[in-house]
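Novice: I am attaching a structure below and will ask some questions about it afterwards.
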Amino acid sequence: MNEVWHAGGRLAILADAASTEGRFGVVDEQLPAGATAPVHIHANEDEVFIVLDGRMRFWRGDEVIDAAPGSVVVLPRGVAHSFVVDSERARTLNLVTPAGFEAFFRMVGDVPTHDGLPEPGTDDIEKLVAAAASLDVSIVGPPPGVPA
């Protein structure tokens with residue numbers, strides 16, 4: 001499964017551990033307005049977002065980063081981080097190194113049933129927490145601005 005729906009977006013896994021000998025993973029993410037991630041910490045991977053279209057806000061520790069097309073946001077392992085899409089849509093390339101975390105999207109995503117984005121819905125937080133934990137990623141709280 002190389003394309004999944006997750007968090008209201010359409011994600012295409014372009015490179016994974018198997019295709020890069022574990023060196024890195026790349027996910028092309030098409031995300032709707034308001035798409036977000038819970039605050040989480042990677043134990044093993046550094047994560048990089050390259051914003052291709054739209055606007056996003058990232059939280060890296062105590063730092064807030066507003067990102068527009070062409071922005072490169074580095075999220076080092078061991079640092080709590082999150083993001084939200086601040087425009088109608090956004091498109092990013094998400095690079096993780098070493099590879100491994102791209103498997104998360106296969107664990108929690110759904111197989112697309114049509115072109116485009118899925119209908120809005122809610123994530124199964126227990127499924128997200130379990131999948132993340134299996135990859136040594138700790139979900140430590142809700143996205144910024146969302147009550148716990």
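Residue names in the structure tokens use chain letters A, B, ... in the order shown, residue numbers from 1 in each chain, and ligand numbers from 1 in the order shown.
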Report as JSON, numbers by chain all protein, DNA and RNA residues lying within 9 Å of segment 55-68 of chain A, evaluated on only C-alpha atoms, omitting residues in the same chain fewer than 6 positions from it.
Specialist: {"A": [39, 74, 75, 76, 79, 80, 81, 82, 83, 84, 85, 86, 87, 88, 89, 90, 91, 144]}
Novice: Just to be explicit: take each residue in the selection above, keep N, CA and C atoms, and write the result as an mmCIF file, in the first residue's frame.
Specialist:
data_model
loop_
_atom_site.group_PDB
_atom_site.id
_atom_site.type_symbol
_atom_site.label_atom_id
_atom_site.label_comp_id
_atom_site.auth_asym_id
_atom_site.auth_seq_id
_atom_site.Cartn_x
_atom_site.Cartn_y
_atom_site.Cartn_z
ATOM 1 N N VAL A 39 1.067 16.390 19.350
ATOM 2 C CA VAL A 39 2.454 16.645 19.743
ATOM 3 C C VAL A 39 3.103 15.296 20.013
ATOM 4 N N VAL A 74 13.099 21.478 9.914
ATOM 5 C CA VAL A 74 13.795 20.328 10.483
ATOM 6 C C VAL A 74 13.269 20.078 11.891
ATOM 7 N N LEU A 75 12.855 18.841 12.144
ATOM 8 C CA LEU A 75 12.316 18.441 13.440
ATOM 9 C C LEU A 75 13.189 17.302 13.968
ATOM 10 N N PRO A 76 14.173 17.636 14.817
ATOM 11 C CA PRO A 76 15.120 16.611 15.261
ATOM 12 C C PRO A 76 14.501 15.612 16.226
ATOM 13 N N VAL A 79 12.841 15.899 20.194
ATOM 14 C CA VAL A 79 12.212 17.201 20.416
ATOM 15 C C VAL A 79 10.723 17.088 20.089
ATOM 16 N N ALA A 80 9.872 17.497 21.020
ATOM 17 C CA ALA A 80 8.427 17.462 20.796
ATOM 18 C C ALA A 80 8.068 18.398 19.650
ATOM 19 N N HIS A 81 7.176 17.928 18.761
ATOM 20 C CA HIS A 81 6.774 18.765 17.638
ATOM 21 C C HIS A 81 5.369 18.414 17.154
ATOM 22 N N SER A 82 4.826 19.353 16.376
ATOM 23 C CA SER A 82 3.495 19.207 15.806
ATOM 24 C C SER A 82 3.386 20.174 14.632
ATOM 25 N N PHE A 83 2.235 20.142 13.948
ATOM 26 C CA PHE A 83 1.973 21.113 12.879
ATOM 27 C C PHE A 83 0.473 21.255 12.684
ATOM 28 N N VAL A 84 0.106 22.311 11.952
ATOM 29 C CA VAL A 84 -1.268 22.496 11.494
ATOM 30 C C VAL A 84 -1.206 23.163 10.124
ATOM 31 N N VAL A 85 -2.148 22.822 9.247
ATOM 32 C CA VAL A 85 -2.262 23.466 7.939
ATOM 33 C C VAL A 85 -3.058 24.745 8.119
ATOM 34 N N ASP A 86 -2.453 25.873 7.719
ATOM 35 C CA ASP A 86 -3.060 27.204 7.884
ATOM 36 C C ASP A 86 -3.673 27.755 6.610
ATOM 37 N N SER A 87 -3.752 26.967 5.563
ATOM 38 C CA SER A 87 -4.328 27.417 4.302
ATOM 39 C C SER A 87 -5.393 26.407 3.872
ATOM 40 N N GLU A 88 -6.040 26.682 2.744
ATOM 41 C CA GLU A 88 -7.105 25.791 2.284
ATOM 42 C C GLU A 88 -6.597 24.366 2.098
ATOM 43 N N ARG A 89 -5.383 24.240 1.605
ATOM 44 C CA ARG A 89 -4.704 22.954 1.450
ATOM 45 C C ARG A 89 -3.215 23.188 1.561
ATOM 46 N N ALA A 90 -2.487 22.115 1.777
ATOM 47 C CA ALA A 90 -1.027 22.188 1.759
ATOM 48 C C ALA A 90 -0.504 20.895 1.160
ATOM 49 N N ARG A 91 0.687 21.001 0.594
ATOM 50 C CA ARG A 91 1.366 19.809 0.099
ATOM 51 C C ARG A 91 2.801 19.865 0.585
ATOM 52 N N PRO A 144 -1.352 21.736 19.460
ATOM 53 C CA PRO A 144 -1.483 23.040 20.137
ATOM 54 C C PRO A 144 -2.831 23.682 19.840
#
Novice: Hey, can you check how far atom CA of Pro32 of chain A sits from atom CA of Gly9 of chain A?
Specialist: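 These two atoms are separated by 6.2 Å.
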Novice: Between A:Ala43, A:Ala18, A:Ile125, A:Ala12, which has the minimum distance to Thr92 of chain A (counting only C-alpha atoms)?
Specialist: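 Once distances to Thr92 of chain A are computed over only C-alpha atoms, the minimum belongs to A:Ala12.
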Novice: Measuring between only C-alpha atoms, which one of A:Asp53, A:Glu3, A:Asp46, A:Glu102 shows the shortest distance to Gly116 of chain A?
Specialist: A:Glu3
Novice: Between A:Ala99, A:Leu128, A:Leu52, A:Ala7, which is the closest to Val73 of chain A once you count only C-alpha atoms?
Specialist: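 Of A:Ala99, A:Leu128, A:Leu52, A:Ala7, the one nearest Val73 of chain A is A:Leu52, counting only C-alpha atoms.
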Novice: May I have all residues of segment 13-129 of chain A that DSSP, computed from the backbone, assigns to strand (DSSP E or B), given as number ranges by chain?
Specialist: A: 13-15, 25-32, 36, 39-42, 46-53, 56-60, 63-67, 72-75, 81-85, 89-97, 110
Novice: Please produce a file of the residues just selected, as a compact mmCIF listing (two decimals), in the first residue's frame, where the atoms kept are N, CA and C atoms.
Specialist:
# COMPACT_ATOMS: atom_id res chain seq x y z
N ILE A 13 3.49 7.19 -0.16
CA ILE A 13 4.80 6.78 0.34
C ILE A 13 5.69 6.56 -0.87
N LEU A 14 6.63 7.50 -1.07
CA LEU A 14 7.49 7.49 -2.25
C LEU A 14 8.74 6.64 -2.05
N ALA A 15 9.24 6.60 -0.82
CA ALA A 15 10.42 5.79 -0.49
C ALA A 15 10.25 5.28 0.92
N GLY A 25 12.96 7.61 4.53
CA GLY A 25 11.63 7.44 3.96
C GLY A 25 11.15 8.79 3.49
N VAL A 26 10.33 8.81 2.43
CA VAL A 26 9.77 10.05 1.91
C VAL A 26 8.28 9.84 1.67
N VAL A 27 7.48 10.78 2.19
CA VAL A 27 6.03 10.73 2.03
C VAL A 27 5.57 12.06 1.44
N ASP A 28 4.85 11.99 0.33
CA ASP A 28 4.23 13.16 -0.30
C ASP A 28 2.86 13.30 0.35
N GLU A 29 2.64 14.42 1.04
CA GLU A 29 1.41 14.62 1.81
C GLU A 29 0.57 15.74 1.22
N GLN A 30 -0.68 15.44 0.87
CA GLN A 30 -1.65 16.44 0.47
C GLN A 30 -2.64 16.55 1.62
N LEU A 31 -2.70 17.74 2.22
CA LEU A 31 -3.44 17.90 3.47
C LEU A 31 -4.46 19.03 3.36
N PRO A 32 -5.64 18.86 3.98
CA PRO A 32 -6.66 19.90 3.96
C PRO A 32 -6.43 20.94 5.06
N THR A 36 -3.73 18.36 11.22
CA THR A 36 -2.77 18.55 12.29
C THR A 36 -2.25 17.20 12.76
N VAL A 39 1.07 16.39 19.35
CA VAL A 39 2.45 16.65 19.74
C VAL A 39 3.10 15.30 20.01
N HIS A 40 4.24 15.07 19.37
CA HIS A 40 4.90 13.78 19.50
C HIS A 40 6.42 13.94 19.46
N ILE A 41 7.10 12.88 19.90
CA ILE A 41 8.55 12.87 19.96
C ILE A 41 9.05 11.56 19.34
N HIS A 42 9.94 11.70 18.36
CA HIS A 42 10.58 10.53 17.74
C HIS A 42 11.84 10.19 18.53
N ASP A 46 15.04 11.72 12.66
CA ASP A 46 14.89 13.15 12.40
C ASP A 46 13.83 13.26 11.30
N GLU A 47 13.04 14.32 11.37
CA GLU A 47 11.97 14.51 10.40
C GLU A 47 12.17 15.87 9.74
N VAL A 48 11.98 15.93 8.43
CA VAL A 48 12.11 17.17 7.68
C VAL A 48 10.86 17.34 6.83
N PHE A 49 10.26 18.53 6.88
CA PHE A 49 9.13 18.86 6.01
C PHE A 49 9.59 19.90 5.01
N ILE A 50 9.34 19.64 3.74
CA ILE A 50 9.56 20.62 2.68
C ILE A 50 8.17 21.03 2.21
N VAL A 51 7.81 22.29 2.43
CA VAL A 51 6.48 22.77 2.07
C VAL A 51 6.49 23.13 0.59
N LEU A 52 5.66 22.44 -0.18
CA LEU A 52 5.57 22.67 -1.62
C LEU A 52 4.46 23.65 -1.98
N ASP A 53 3.32 23.54 -1.32
CA ASP A 53 2.17 24.42 -1.55
C ASP A 53 1.48 24.68 -0.22
N MET A 56 1.78 26.40 6.50
CA MET A 56 1.68 25.54 7.68
C MET A 56 2.35 26.23 8.86
N ARG A 57 1.91 25.88 10.04
CA ARG A 57 2.56 26.32 11.26
C ARG A 57 3.08 25.07 11.96
N PHE A 58 4.35 25.12 12.33
CA PHE A 58 5.01 24.02 13.04
C PHE A 58 5.38 24.47 14.44
N TRP A 59 5.34 23.53 15.36
CA TRP A 59 5.84 23.73 16.72
C TRP A 59 7.01 22.77 16.89
N ARG A 60 8.15 23.31 17.29
CA ARG A 60 9.36 22.52 17.53
C ARG A 60 9.85 22.93 18.92
N GLU A 63 9.43 26.58 20.07
CA GLU A 63 9.54 27.45 18.90
C GLU A 63 8.33 27.27 17.98
N VAL A 64 7.84 28.38 17.42
CA VAL A 64 6.76 28.37 16.43
C VAL A 64 7.37 28.78 15.09
N ILE A 65 7.08 28.00 14.06
CA ILE A 65 7.64 28.24 12.73
C ILE A 65 6.50 28.34 11.74
N ASP A 66 6.34 29.51 11.10
CA ASP A 66 5.37 29.66 10.03
C ASP A 66 6.06 29.36 8.72
N ALA A 67 5.51 28.42 7.96
CA ALA A 67 6.17 27.92 6.76
C ALA A 67 5.29 28.13 5.53
N VAL A 72 11.80 24.80 4.51
CA VAL A 72 12.29 23.51 4.95
C VAL A 72 12.32 23.56 6.47
N VAL A 73 11.57 22.67 7.11
CA VAL A 73 11.47 22.65 8.57
C VAL A 73 12.07 21.35 9.08
N VAL A 74 13.10 21.48 9.91
CA VAL A 74 13.79 20.33 10.48
C VAL A 74 13.27 20.08 11.89
N LEU A 75 12.85 18.84 12.14
CA LEU A 75 12.32 18.44 13.44
C LEU A 75 13.19 17.30 13.97
N HIS A 81 7.18 17.93 18.76
CA HIS A 81 6.77 18.76 17.64
C HIS A 81 5.37 18.41 17.15
N SER A 82 4.83 19.35 16.38
CA SER A 82 3.50 19.21 15.81
C SER A 82 3.39 20.17 14.63
N PHE A 83 2.23 20.14 13.95
CA PHE A 83 1.97 21.11 12.88
C PHE A 83 0.47 21.25 12.68
N VAL A 84 0.11 22.31 11.95
CA VAL A 84 -1.27 22.50 11.49
C VAL A 84 -1.21 23.16 10.12
N VAL A 85 -2.15 22.82 9.25
CA VAL A 85 -2.26 23.47 7.94
C VAL A 85 -3.06 24.75 8.12
N ARG A 89 -5.38 24.24 1.60
CA ARG A 89 -4.70 22.95 1.45
C ARG A 89 -3.22 23.19 1.56
N ALA A 90 -2.49 22.12 1.78
CA ALA A 90 -1.03 22.19 1.76
C ALA A 90 -0.50 20.89 1.16
N ARG A 91 0.69 21.00 0.59
CA ARG A 91 1.37 19.81 0.10
C ARG A 91 2.80 19.87 0.58
N THR A 92 3.26 18.76 1.15
CA THR A 92 4.62 18.69 1.67
C THR A 92 5.29 17.40 1.23
N LEU A 93 6.60 17.43 1.25
CA LEU A 93 7.38 16.21 1.24
C LEU A 93 7.89 16.04 2.65
N ASN A 94 7.63 14.90 3.23
CA ASN A 94 8.04 14.59 4.60
C ASN A 94 9.15 13.54 4.50
N LEU A 95 10.34 13.91 4.94
CA LEU A 95 11.51 13.04 4.91
C LEU A 95 11.82 12.60 6.33
N VAL A 96 11.98 11.30 6.55
CA VAL A 96 12.42 10.79 7.85
C VAL A 96 13.71 10.02 7.64
N THR A 97 14.64 10.23 8.58
CA THR A 97 15.91 9.53 8.48
C THR A 97 16.40 9.17 9.88
N ASP A 110 -6.05 4.50 5.77
CA ASP A 110 -7.05 3.73 5.04
C ASP A 110 -6.72 3.74 3.56
Novice: Pick out each residue of segment 41-117 of chain A that DSSP on the backbone tags as helix (DSSP H, G or I); I need them as a list in words.
Specialist: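 Across segment 41-117 of chain A, those assigned helix (DSSP H, G or I) are Glu102, Ala103, Phe104, Phe105, Arg106, Met107 and Val108 of chain A.
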Novice: Suppose you want the space between atom CA of Phe105 of chain A and atom CA of Gly78 of chain A; what is it in Å?
Specialist: 20.1 Å
Novice: What does the distance between atom CA of Ser134 of chain A and atom CA of Arg10 of chain A come to in Å, to one decimal place?
Specialist: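 Separation between atom CA of Ser134 of chain A and atom CA of Arg10 of chain A: 22.6 Å.
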Novice: Looking at A:Glu21, A:Asp123, A:Asp136, A:Pro98, which one is nearest to Ala37 of chain A, with distances taken over only C-alpha atoms?
Specialist: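 Comparing A:Glu21, A:Asp123, A:Asp136, A:Pro98 against Ala37 of chain A, the winner is A:Asp123.
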Novice: Of the candidates A:Thr20, A:His6, A:Ala33, A:Gly100, which one gets nearest to Leu135 of chain A if we count only C-alpha atoms?
Specialist: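 Using only C-alpha atoms, Leu135 of chain A sits closest to A:Gly100.
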Novice: Compare A:Arg23, A:Gly8, A:Phe104, A:Pro69 by their minimum atom-to-atom distance to Ala130 of chain A, counting only C-alpha atoms, and give me the closest one.
Specialist: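 Looking at the shortest contact to Ala130 of chain A, the residue is A:Phe104.
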